[in-house]
Amino acid sequence: MSIPRRLSRLPAAAAGTTTPSTANLAVAHEGTGGRPSTAVLAAAATAAAASGRASECQSLLLRMSRRRGASRLDIVTSLLASSPTPQPQVFDLLIRTYTQSRKPREAFEAFRLLLDRRVPVPAAASNALLAALSRAGWPHLAADAYRLVLSSDSEVNSYTLNIMVHSHCKALQFDKADAVISEMEKLCVFPDVVTHNVMVDARFRAGDVEAAMAVVDSMVGKGIKPGILTYNAVLKGLCRNGRWDKAREVFRAMDECGVAPDVRSFNMLIGGFCRVGEVDEAMKFYKEMRRRGVTPDVVSFSSLIGLFARRGKMEHAVMYLKEMREFGLMPDGVIYTMVIGGFCKSGSMLEALRVRDEMVSCGCLPDVVTYNTLLNGLCKERRLPDAEELLTEMGERGVPPDLCTFTTLIHGYCREGNVEKSLQLFDMMLQQRLMPDIVTYNTLIDGMCRQGDLGKANELWDDMHSRKIFPNHITYSILIDSHCEKGQVDDAFGFLDEMVSKGIVPNIMTYNSIIKGYCRSGNVSKGQQFLQTMRHAKVLPDLITYNTLIHGYVKEEKMHEAFNLLNIMESEKVQPDNVTYNMIINGYCVHGLHSAEPAPSEPKIWKTNPNRPKPPALPPFFPRSHPPSGGAPPTLAMPPGGGPIRVLNVAEKPSVAKAVAEILSRGGMQSRAGRSRYNRVFEFNYAIGAQACHMLVTSVTGHLMELDFDDRYRKWYSCDPVELFHAPVRKAVPQDKQDIKRTLEEEARTCQWLVLWLDCDREGENIAYEVVEICAGANRHLNIYRARFSALIPREIHDAVQHLARPNKLFADAVDARQEIDLRIGASFTRFQTMLLKDAFVLDVTGEERNMVLSYGPCQFPTLGFIVERFWEIQAHEPEEFWTINCSHTSDEGTASFLWIRGHLFDYSSAVVIYEMCVEEPMATVHNVRNQEKLKYPPYPLSTVELQKRASRCCRMSSEHTMKVAEELYQAGFISYPRTETDSFSPNTDLHAIVHEQVDHPVWGTYAQRLLNPEERLWRNPSNGGHDDKAHPPIHPTKFTTGETNWSEDHRKVYELVVRHFLACCSQPAVGAETTVEIDIAGEQFNASGRVVLAKNYLDVYRYDSWGGSLLPTYTVGQQFVPTTLTLDSGVTRPPPLLAEADLLSCMDKAGIGTDATMHEHIKKLLDRCYATKDANSRFSPTNLGEALVMGYDEMGYELWKPYLRSMMEADMKAVSIGTKSKSEVLEGCLQQMEACFRDARANKVKLLDAMGTFFARSNRPINETQPAEVVRRCGLCNASDMLLKRRPTGGFMVGCGGYPLCRNVVWLPGSLAEAAVTQHICPTCVPGGPVRKIQFKFNRRDIPPNYDVDHLGCVGGCDDVLKELSELSRFGGHNHTATPVRDKMYRAWV
C-alpha cells in the first residue's frame, strides 16, 4: 500500500477521518492556498467545544500550539475573542493540551494569563497543570501555581492536596507538605488514604522506616483503613531498605486485615529478593502468587528473568521468557536486554544475537544499552568484525553510540593488539563530542603498554591531565606493571612515589608488579628485600608474591634460596600450591641438580609439613625422573650400552604411518606385513638427537578399544533400561581388532621406546592411552613418548620426533568420561523410546520399520532441537502488517533513499498521524552529515567449524563430505590437520614461507606476490580469534599444487577455500568511505547511507565475501529541500528461514554440542535416523518422527532437546581435561542428573505417546515396553543368565531366561494375571537353590475362584501351591517348566 504525497492538503487517509463540521473552516481556508490564521482556528475550536466535540476541539488547539510565531498571549486572546462569553471547557482543554504535549511551562503561562483576565479555570485544569509541573521536576513553579489557585479563589479538592503533597514529598520537603495539609484542612479539604500513601512512600525513600510506619499508624488512628496501595507502599519501602523480616510480617498481616495481596504486592517481594540474589525466597513468593491465582505481569517476569540472567542460568531465564509469552505478555526492551546480557556473559553470542533478532521482529527496537551489551559480548569473544558491523547497524537505526560504546570497542581492539584502530575510535569519539573518562584512558594506556609503546602511553597520560581527568589506582598499576615488565624498576618506583603522594594506597597487585620487575631484571634478592617495604605498608605478601620470587631464584639456579622462601611461606601461613612445587621440582630436573643435593632438600619439601599435598603420581610406565605433561621437556632415557635402540612408532591410520615413515626414512624404509593385513610395519634407521634408533612404524585404525556393558546387560530386554546408569562397563579390544593388538604386543616386546603419533587432540590422546595399555602390558619397561605434529610435511614430522613430549592423561580421562556418559544415556533412552514407540505406531519413515531404532544421543537430540525449534518458530509466526514512511530525494548527482529512524509502526492510526505531520510540513532539513572510514576485516584463521560452515555456504558441500575431503587432503600432505578449534597462529609460525609456496599458482599466485611485496603494504598479521586448543594450528595449506589428477571437483574447491582463506587472513582489511546523512521532517528523523570501496585488499583474493554500497548526492548541514517522494508504505513481518547447515553448525558450536570433529556426524545421524530432512538449499526440516519426539519431551517439562544439559557436560569434560575436576566427579554428577530425568520421562511416557499419536496412527502390535524386565532369580538350567519377569505379546506374563535362544528355560504364569511386579522379598524355602525374589501378583477377579485373593505375594521357585493351583485353573493350564516347540515359538515372538 502506498499513500501519495500531498503537500497542499491532508493525505486522503487522514482527511477521511475529519467530519464535515466546524473543522471545515480550517480546511476550507487551506483550500484557498493559505494557512488558517490563529483566529480562524480559535473560532473553530470554540464552536467544536460548544457542540460537545472535545476531541476535535483539542486537535485544533494542538495545531494552534504548534504554529510558529503564535504566542500564548495570541492564543488566549483569540480564544476570548471567539465567543461573547468565556467557554470554560475550551480553556480546560487548552491547559490539558499543553500538559499532554509535555509543555508544562507554556501551560503555566496560559494559566496565569487566564487568571489575569479573571477567566474561571476549572479545578480539573488547574490540577492537571499542578500535576504536570510536579512531574517535570519543577516544584517551585508548582508552588507558584498553587499560590495562584488559592489567591484566585479557584476551586480546590483532595486531588489538589494530593498533588502538592506529592510534589513536596518527591523533593523530601516534609515540612512544606505538612504546611499544605494544614492550609487545605482550613479549606475543609482533609487528607485521605492517597495522601497518607504518598507520605509513606516518601518517608521510605528517605530511609526513615520508623517515620513511615508511624504514618501508617496515624492512618489507623484517624479511622482511615489502609488499602492495598498502602500495603504495597509499605512492602516496597521495607524491601528497598532491606527489612526482609518486617516485609514478610506485613505480608502475613494483609490476610489478617482482609486485604488480599495483588500482583504488585508479590512483585515488591519477588523483585526485592531477586535484587539481593535470594533465589529460594523469590521463587517461594512466585509459587505463592500462582497458588493464589494471581496472574503475574511483566514486572514479575522481569525480576525473575533478570535474576537468572545475572546468575548465568539461562535455561531458567529462557523458560520464564517462554512462560511470559504463554500469559500473553510481550517482553519489553529491558527484559530482552537482560536476556541478551545473560547470554553474552555465558559466551553464547549466537543465542544473544538470536534474541536481538527476535526483539526486532516483535517491534521492540534495541536501544544503546542493548547494543552496548552485544558489543561487550562480541569483544569478549574477540569477534571484532562482528562488533564493527553492529556499530554500523547502530548508525543505520539511528541509535547514537555513547561513551560506553566507544570504550567497549577500544578495549576490544586493545586486547586484540590493534592499538591503531583503538586510537581511530578514540578520535571518532572526540569528533562526536563525547568526553572520555578515566576508564577510556586506562584502557588505551593498558593497550599501549601491552604493545610496549610506553612513549604513546605517556602521551595519553599527558592528554588525560590536560583534560583534567586524573589517574586512579588502576592507571598507576598499569604503568608500574609495564615499566617493571621492561625491567625499568626505577621508573616504576617514580610512579609508586607519585601514587602515594596523591593519597592513593598501593595494593598487593602493585607491589607484586614491582617484585616481578626486580626478578625480570635479575635482581631477585632486591625483590626479596622489598618484602620488608610491603610489610611496613601493612600489605602482606601472598602466594603470587612468593611464586614470583621462587621462579626468579629457580631461573638463577639458586635452589637454596628458593627453599628458604618455601619455609618463610609456611611460617607466614601462605599455603604453597602445585605451581610452587612444580617450579622447584622442574628446577632440579632442568638444572640437573637432582643428584647433587637430594638429601637436604627433599625432606624440606615433602616432610617438613605432613599436610602438604604430594606431587601427582605418575603412571607406572613413566620414568620417575621425568615430570608429567605440562612440566619441562623430558630428557630421553638412553640404554646403558649406548648402541641403537628399537623404537616402536604407532600412528592413528595406516596412511599416516606410511607418510611418517616415508618422511623420516626419506623413502628408504622396508615394509613387512603385520598380523593385520591393513596395518603394515615399516622399518628404517634414524637418529633422535644423538641416539641412533631402529624405527618400527605401524598403526591402528582409530580407537583400538570399545566401551560396552557387561554381557548380561547388552541385550535389549536383559534389564530395565534404568539399570544401565549403574551397570558395569568395560573397555576391551573388539574381535575385529585383535590382529592389531597382537601386532602391537609382538613389536613392543622387542622395543625400548614407544612413540605415539596419534592425532593431537583429546580423542587422539585417548587412543594413545589405549595403545599404551596394550604395549605396556606386553613390555612394562617401555619408555613412552608423544610426538606432537599438525601436518604431514617434513618440517613438522622431523621437528616432532626431535622434540618428544609426554602424553596427557587428563585429555584421555575427559574422553573416557564422555564415552561412558554417552553410552549410558544413549543406551537407556534409546531402549526406552524404541521399545515404547516402535510397536505402538505405524512409522512410515523407512522400509525396515521392524528393525528401526529410535535412537537418543546427548549431542544428537539437542541438534534435532535446534531444527525443530526453528521449525516451530516458523509455524507459530503470524504475519503482522506494519507501516513505514519512505522518503527519497533526487538531485543532479543522483537519488538518495532515506529510511525512517523509527523503522516501522504496527499501529496504522499512529503512522497516519505522523505521516500527516510530515506532509503538512514537508521541508527536510539536514542536521548531520557524517563521513567516516569503514573497514571490513578479513576472517579469522580457519578452524574446523568455520571450514564446514564456509564450505556449506560457498561450495554447497555438506559438513560430512567436507570433512571427508579435508581428511584426504591432509593425509596427502596438502593441508594441515583439519580437526582443530584454534583460530590464531602462533608467533613462531613462518607465515611468509607458507605464502611464498603459493606465488606460482596461475590463479592466486599474483596476489601472493603482492602480499609478500613490502611496497604494496598489503601484509597484516592474522587476527587472533580467541580460541586455541593447544594441539593444532588453524587449517592452512602445507604443500603447493595446481590440482592433482586424481582429485575430484570437491577436492579442488576445499583446497582453494583453504588457500584463499589463509591468504585473506594475512591481508589488510578492505577500506571504504561511508557517508551518513540525517534529515529532519516535521520532527521525524530519517537517514541515508552510502559507501564506496577505496581499497579491496583481502577481497581481491577472498571471492567468498562481498562488500559494496551506493553513492549519495552531496549534502551540507543546514541544507533544506523538499523530498521528491514521501510515501506511507505497508509491509508484513516474515518468519525466519529454516536452518541452513552453516547455521546449524553455528548453533552447535556456540552451545558446545559435540566437538569440531564430530558435529558433522551428529547431523548425518539425524538424517540417517529419519529425524530430519535436508532440501536442495541445504536447509533442514524435522520429520514427523523428529518433531513428535521433541514435542513429547517438551510436554514433559524436561528440555532434553535443549542444548543446556549437553553444554554443561562439555564444560565438565573441559574441566577434566585441565585438571579442575576429576573424571569420577563428573561421571557421578552427570549420570545422577540424567538418571533423574530418565525416571521422570518414563513416569510421564503418556505424553510421549500422545505426541506420537498426533503424527502417526496406532498399530495393533503390543508394546514391548509396557513392563520392563525384572530379575527374579538366576537361571537354574544354564547358570549363566537371569530369569526375567516380562509381559508376553498376548498380554500374559512369563518368567524366562535372559540367555534366550541359547537357553530356553521358561515359567508360564497364569493367564488370569492382571499385574505382576518383582519385589525385594526373598523366598525362604527356595534359598538353597539360589535366592528367588517373590512376585506381587494381582489377578482378575472374574478369572479366579471366589475363595482366592486377588492380591498374592508368590514364588515361582516351585514352592507356591496357590500359584500352582491357579495355573491349573487358568485357560493356559497344563504348562510346565519345560519348553515345547509351540511355546518356544511364542517365546521367540516375545523376544
# chains A, B, ... in the order shown; residues from 1 in each chain; ligands from 1
$ residues_around --residues "range 1318-1324 of chain A" --least-positions-apart "2" --cutoff "9 Å" --atoms "only C-alpha atoms" --output "ChimeraX atom specification"
/A:1270-1272,1285,1316,1326-1328,1331-1337,1353-1355,1357,1359
$ residues_around --residues "range 539-554 of chain A" --least-positions-apart "3" --cutoff "7 Å" --atoms "only C-alpha atoms" --output "list of chain:residue names"
A:Ile508, A:Asn512, A:Lys516, A:Cys519, A:Val524, A:Gln528, A:Met534, A:Arg535, A:Glu557, A:Lys558, A:Met559, A:Glu561, A:Ala562, A:Leu565, A:Val574, A:Pro576, A:Thr580, A:Met583, A:Ile584, A:Gly587
$ residues_around --residues "Val215 in chain A" --least-positions-apart "3" --cutoff "9 Å" --atoms "only C-alpha atoms" --output "list of chain:residue names"
A:His196, A:Asn197, A:Met199, A:Val200, A:Arg203, A:Glu210, A:Ala211, A:Ala212, A:Ser218, A:Met219, A:Val220
$ select_by_dssp --residues "range 793-865 of chain A" --states "alpha helix (DSSP H)" --output "VMD selection string"
chain A and resid 794 to 802 809 to 837 860 to 865
$ residues_around --residues "range 1220-1236 of chain A" --least-positions-apart "6" --cutoff "12 Å" --atoms "only C-alpha atoms" --output "PyMOL selection string"
chain A and resi 721-727+809-826+828-829+858+1198-1200+1205-1214+1242-1243
$ write_last_selection --atoms "C-alpha atoms" --output "CSV table (one decimal), in the first residue's frame"
chain,number,residue,atom,x,y,z
A,721,PRO,CA,16.9,-49.5,30.9
A,722,VAL,CA,17.3,-47.5,34.1
A,723,GLU,CA,19.8,-50.1,35.3
A,724,LEU,CA,22.2,-49.0,32.5
A,725,PHE,CA,23.1,-45.9,34.5
A,726,HIS,CA,24.9,-48.2,37.0
A,727,ALA,CA,25.6,-51.4,35.1
A,809,LYS,CA,46.3,-38.4,30.8
A,810,LEU,CA,43.8,-35.6,31.6
A,811,PHE,CA,42.8,-35.4,27.9
A,812,ALA,CA,42.3,-39.2,27.8
A,813,ASP,CA,40.3,-39.1,31.0
A,814,ALA,CA,38.0,-36.4,29.5
A,815,VAL,CA,37.2,-38.7,26.6
A,816,ASP,CA,36.7,-41.7,28.8
A,817,ALA,CA,34.2,-39.7,30.8
A,818,ARG,CA,32.4,-38.5,27.7
A,819,GLN,CA,32.3,-42.1,26.2
A,820,GLU,CA,30.8,-43.5,29.4
A,821,ILE,CA,28.2,-40.7,29.8
A,822,ASP,CA,27.2,-41.0,26.1
A,823,LEU,CA,27.0,-44.8,26.3
A,824,ARG,CA,24.8,-44.9,29.5
A,825,ILE,CA,22.5,-42.0,28.5
A,826,GLY,CA,22.2,-43.1,24.9
A,828,SER,CA,19.0,-46.2,28.3
A,829,PHE,CA,16.9,-43.6,26.4
A,858,PRO,CA,23.2,-36.5,24.2
A,1198,TYR,CA,12.3,-31.6,30.7
A,1199,GLU,CA,14.0,-29.8,27.9
A,1200,LEU,CA,16.2,-32.8,26.9
A,1205,LEU,CA,22.4,-30.1,29.6
A,1206,ARG,CA,25.0,-31.0,26.9
A,1207,SER,CA,26.7,-27.7,27.2
A,1208,MET,CA,27.2,-28.3,31.0
A,1209,MET,CA,28.5,-31.8,30.2
A,1210,GLU,CA,31.0,-30.4,27.6
A,1211,ALA,CA,32.1,-27.8,30.2
A,1212,ASP,CA,32.7,-30.6,32.6
A,1213,MET,CA,34.7,-32.5,30.0
A,1214,LYS,CA,36.9,-29.4,29.6
A,1242,ARG,CA,9.4,-42.8,31.9
A,1243,ALA,CA,6.8,-41.8,34.5
$ atom_distance --atom1 "CA of Leu403 in chain A" --atom2 "CA of Leu434 in chain A"
6.3 Å
$ residues_around --residues "Val1246 in chain A" --least-positions-apart "5" --cutoff "12 Å" --atoms "only C-alpha atoms" --output "ChimeraX atom specification"
/A:833,836-837,840,1192-1193,1195-1196,1240-1241,1251-1253,1266
$ write_last_selection --atoms "N, CA, C and O atoms" --output "JSON list (two decimals), in the first residue's frame"
[["chain", "number", "residue", "atom", "x", "y", "z"],
["A", 833, "GLN", "N", 12.74, -45.44, 24.41],
["A", 833, "GLN", "CA", 11.81, -44.90, 23.43],
["A", 833, "GLN", "C", 11.59, -45.85, 22.26],
["A", 833, "GLN", "O", 10.51, -45.86, 21.67],
["A", 836, "LEU", "N", 9.11, -48.48, 23.61],
["A", 836, "LEU", "CA", 7.83, -47.87, 23.89],
["A", 836, "LEU", "C", 7.07, -47.53, 22.61],
["A", 836, "LEU", "O", 5.85, -47.73, 22.52],
["A", 837, "LEU", "N", 7.77, -47.05, 21.59],
["A", 837, "LEU", "CA", 7.09, -46.41, 20.46],
["A", 837, "LEU", "C", 7.09, -47.22, 19.18],
["A", 837, "LEU", "O", 6.16, -47.08, 18.37],
["A", 840, "ALA", "N", 4.12, -49.44, 18.87],
["A", 840, "ALA", "CA", 2.84, -48.82, 19.21],
["A", 840, "ALA", "C", 2.26, -48.02, 18.05],
["A", 840, "ALA", "O", 1.07, -47.74, 18.04],
["A", 1192, "GLY", "N", 7.15, -34.56, 22.54],
["A", 1192, "GLY", "CA", 6.87, -35.37, 23.71],
["A", 1192, "GLY", "C", 7.72, -35.00, 24.90],
["A", 1192, "GLY", "O", 7.21, -34.82, 26.02],
["A", 1193, "TYR", "N", 9.02, -34.84, 24.68],
["A", 1193, "TYR", "CA", 9.90, -34.47, 25.79],
["A", 1193, "TYR", "C", 9.63, -33.04, 26.25],
["A", 1193, "TYR", "O", 9.76, -32.72, 27.44],
["A", 1195, "GLU", "N", 6.69, -31.58, 26.27],
["A", 1195, "GLU", "CA", 5.48, -31.62, 27.08],
["A", 1195, "GLU", "C", 5.76, -32.11, 28.49],
["A", 1195, "GLU", "O", 5.06, -31.77, 29.44],
["A", 1196, "MET", "N", 6.79, -32.93, 28.64],
["A", 1196, "MET", "CA", 7.14, -33.43, 29.97],
["A", 1196, "MET", "C", 7.72, -32.34, 30.86],
["A", 1196, "MET", "O", 7.76, -32.49, 32.08],
["A", 1240, "ASP", "N", 11.84, -39.60, 35.39],
["A", 1240, "ASP", "CA", 10.69, -38.72, 35.19],
["A", 1240, "ASP", "C", 10.10, -38.90, 33.79],
["A", 1240, "ASP", "O", 8.87, -38.89, 33.61],
["A", 1241, "ALA", "N", 10.97, -39.08, 32.81],
["A", 1241, "ALA", "CA", 10.48, -39.26, 31.44],
["A", 1241, "ALA", "C", 9.66, -40.55, 31.35],
["A", 1241, "ALA", "O", 8.61, -40.58, 30.70],
["A", 1251, "ALA", "N", 2.16, -37.35, 21.96],
["A", 1251, "ALA", "CA", 2.83, -36.59, 20.89],
["A", 1251, "ALA", "C", 2.99, -37.43, 19.63],
["A", 1251, "ALA", "O", 2.77, -36.95, 18.52],
["A", 1252, "MET", "N", 3.36, -38.70, 19.80],
["A", 1252, "MET", "CA", 3.49, -39.58, 18.63],
["A", 1252, "MET", "C", 2.12, -39.79, 17.98],
["A", 1252, "MET", "O", 2.02, -39.86, 16.75],
["A", 1253, "GLY", "N", 1.07, -39.88, 18.81],
["A", 1253, "GLY", "CA", -0.27, -40.08, 18.27],
["A", 1253, "GLY", "C", -0.74, -38.92, 17.43],
["A", 1253, "GLY", "O", -1.66, -39.06, 16.62],
["A", 1266, "THR", "N", 5.86, -52.07, 27.92],
["A", 1266, "THR", "CA", 4.86, -51.86, 28.96],
["A", 1266, "THR", "C", 5.38, -52.21, 30.33],
["A", 1266, "THR", "O", 5.13, -51.53, 31.30]]
$ residues_around --residues "Phe1180 in chain A" --least-positions-apart "5" --cutoff "6 Å" --atoms "only C-alpha atoms" --output "compact mmCIF listing (two decimals) with all heavy atoms, in the first residue's frame"
# COMPACT_ATOMS: atom_id res chain seq x y z
N LEU A 1139 16.75 -23.53 9.17
CA LEU A 1139 18.19 -23.53 9.45
C LEU A 1139 18.95 -24.14 8.28
O LEU A 1139 18.66 -25.26 7.85
CB LEU A 1139 18.49 -24.33 10.72
CG LEU A 1139 18.17 -23.68 12.06
CD1 LEU A 1139 18.51 -24.64 13.19
CD2 LEU A 1139 18.95 -22.39 12.24
N THR A 1173 15.18 -33.88 7.54
CA THR A 1173 15.48 -33.95 6.11
C THR A 1173 16.22 -32.67 5.71
O THR A 1173 16.11 -31.65 6.38
CB THR A 1173 14.20 -34.09 5.27
OG1 THR A 1173 13.35 -32.96 5.53
CG2 THR A 1173 13.47 -35.37 5.61
N LYS A 1174 16.94 -32.75 4.60
CA LYS A 1174 17.68 -31.59 4.08
C LYS A 1174 17.27 -31.37 2.64
O LYS A 1174 17.31 -32.30 1.83
CB LYS A 1174 19.19 -31.83 4.19
CG LYS A 1174 20.01 -30.62 3.80
CD LYS A 1174 21.47 -30.74 4.21
CE LYS A 1174 22.22 -31.78 3.44
NZ LYS A 1174 23.67 -31.73 3.67
$ residues_around --residues "Glu393 in chain A" --least-positions-apart "5" --cutoff "12 Å" --atoms "only C-alpha atoms" --output "count of residues only"
17
$ atom_distance --atom1 "CA of Leu304 in chain A" --atom2 "CA of Glu326 in chain A"
15.6 Å
$ closest_residue --among "A:Thr337, A:Thr1158, A:Ser303, A:Asn779" --to "Ala748 in chain A" --atoms "only C-alpha atoms"
A:Asn779
$ decode --residues "range 145-213 of chain A" --atoms "C-alpha atoms" --output "PDB file, in the first residue's frame"
ATOM      1  CA  ALA A 145       0.695  27.846  40.556  1.00  0.00           C
ATOM      2  CA  TYR A 146      -0.716  26.570  43.850  1.00  0.00           C
ATOM      3  CA  ARG A 147      -0.494  30.093  45.326  1.00  0.00           C
ATOM      4  CA  LEU A 148      -2.272  31.478  42.235  1.00  0.00           C
ATOM      5  CA  VAL A 149      -5.049  28.923  42.697  1.00  0.00           C
ATOM      6  CA  LEU A 150      -5.524  29.872  46.359  1.00  0.00           C
ATOM      7  CA  SER A 151      -5.360  33.615  45.681  1.00  0.00           C
ATOM      8  CA  SER A 152      -7.915  33.444  42.849  1.00  0.00           C
ATOM      9  CA  ASP A 153     -10.458  31.616  44.963  1.00  0.00           C
ATOM     10  CA  SER A 154     -10.475  28.838  42.382  1.00  0.00           C
ATOM     11  CA  GLU A 155     -11.940  25.535  43.372  1.00  0.00           C
ATOM     12  CA  VAL A 156      -9.646  23.096  45.177  1.00  0.00           C
ATOM     13  CA  ASN A 157     -10.246  19.492  46.137  1.00  0.00           C
ATOM     14  CA  SER A 158      -8.481  16.469  47.583  1.00  0.00           C
ATOM     15  CA  TYR A 159      -6.753  15.926  44.241  1.00  0.00           C
ATOM     16  CA  THR A 160      -5.159  19.365  44.579  1.00  0.00           C
ATOM     17  CA  LEU A 161      -3.988  18.462  48.066  1.00  0.00           C
ATOM     18  CA  ASN A 162      -2.537  15.148  46.965  1.00  0.00           C
ATOM     19  CA  ILE A 163      -0.679  16.688  44.015  1.00  0.00           C
ATOM     20  CA  MET A 164       1.010  19.285  46.182  1.00  0.00           C
ATOM     21  CA  VAL A 165       1.841  16.821  48.949  1.00  0.00           C
ATOM     22  CA  HIS A 166       3.325  14.531  46.328  1.00  0.00           C
ATOM     23  CA  SER A 167       5.331  17.402  44.810  1.00  0.00           C
ATOM     24  CA  HIS A 168       6.894  18.318  48.156  1.00  0.00           C
ATOM     25  CA  CYS A 169       7.404  14.710  49.249  1.00  0.00           C
ATOM     26  CA  LYS A 170       9.096  13.998  45.939  1.00  0.00           C
ATOM     27  CA  ALA A 171      11.731  16.580  46.943  1.00  0.00           C
ATOM     28  CA  LEU A 172      11.686  15.153  50.521  1.00  0.00           C
ATOM     29  CA  GLN A 173      10.364  18.531  51.802  1.00  0.00           C
ATOM     30  CA  PHE A 174       8.200  17.091  54.544  1.00  0.00           C
ATOM     31  CA  ASP A 175       7.750  20.398  56.395  1.00  0.00           C
ATOM     32  CA  LYS A 176       6.233  22.023  53.281  1.00  0.00           C
ATOM     33  CA  ALA A 177       3.979  19.014  52.774  1.00  0.00           C
ATOM     34  CA  ASP A 178       2.730  19.386  56.347  1.00  0.00           C
ATOM     35  CA  ALA A 179       2.112  23.095  55.709  1.00  0.00           C
ATOM     36  CA  VAL A 180      -0.013  22.303  52.626  1.00  0.00           C
ATOM     37  CA  ILE A 181      -2.053  19.824  54.633  1.00  0.00           C
ATOM     38  CA  SER A 182      -2.687  22.474  57.321  1.00  0.00           C
ATOM     39  CA  GLU A 183      -3.753  25.050  54.695  1.00  0.00           C
ATOM     40  CA  MET A 184      -6.105  22.647  52.984  1.00  0.00           C
ATOM     41  CA  GLU A 185      -7.675  21.488  56.232  1.00  0.00           C
ATOM     42  CA  LYS A 186      -8.676  25.129  56.843  1.00  0.00           C
ATOM     43  CA  LEU A 187     -10.493  24.928  53.496  1.00  0.00           C
ATOM     44  CA  CYS A 188     -12.221  21.735  54.707  1.00  0.00           C
ATOM     45  CA  VAL A 189     -10.134  19.533  52.395  1.00  0.00           C
ATOM     46  CA  PHE A 190      -8.751  16.699  54.507  1.00  0.00           C
ATOM     47  CA  PRO A 191      -6.032  14.168  53.714  1.00  0.00           C
ATOM     48  CA  ASP A 192      -7.313  10.809  52.540  1.00  0.00           C
ATOM     49  CA  VAL A 193      -5.742   7.417  52.062  1.00  0.00           C
ATOM     50  CA  VAL A 194      -3.903   8.629  48.929  1.00  0.00           C
ATOM     51  CA  THR A 195      -2.289  11.475  50.872  1.00  0.00           C
ATOM     52  CA  HIS A 196      -1.021   9.080  53.500  1.00  0.00           C
ATOM     53  CA  ASN A 197       0.217   6.644  50.866  1.00  0.00           C
ATOM     54  CA  VAL A 198       2.283   9.405  49.268  1.00  0.00           C
ATOM     55  CA  MET A 199       3.814  10.329  52.631  1.00  0.00           C
ATOM     56  CA  VAL A 200       4.527   6.691  53.497  1.00  0.00           C
ATOM     57  CA  ASP A 201       6.349   6.180  50.211  1.00  0.00           C
ATOM     58  CA  ALA A 202       8.371   9.399  50.635  1.00  0.00           C
ATOM     59  CA  ARG A 203       9.425   8.503  54.187  1.00  0.00           C
ATOM     60  CA  PHE A 204      10.629   5.114  52.975  1.00  0.00           C
ATOM     61  CA  ARG A 205      12.557   6.750  50.133  1.00  0.00           C
ATOM     62  CA  ALA A 206      14.249   8.952  52.709  1.00  0.00           C
ATOM     63  CA  GLY A 207      15.278   5.782  54.568  1.00  0.00           C
ATOM     64  CA  ASP A 208      13.203   6.656  57.666  1.00  0.00           C
ATOM     65  CA  VAL A 209      11.410   3.335  58.186  1.00  0.00           C
ATOM     66  CA  GLU A 210      10.124   4.229  61.664  1.00  0.00           C
ATOM     67  CA  ALA A 211       8.585   7.516  60.468  1.00  0.00           C
ATOM     68  CA  ALA A 212       6.904   5.702  57.574  1.00  0.00           C
ATOM     69  CA  MET A 213       5.400   3.120  59.892  1.00  0.00           C
TER      70      MET A 213
END
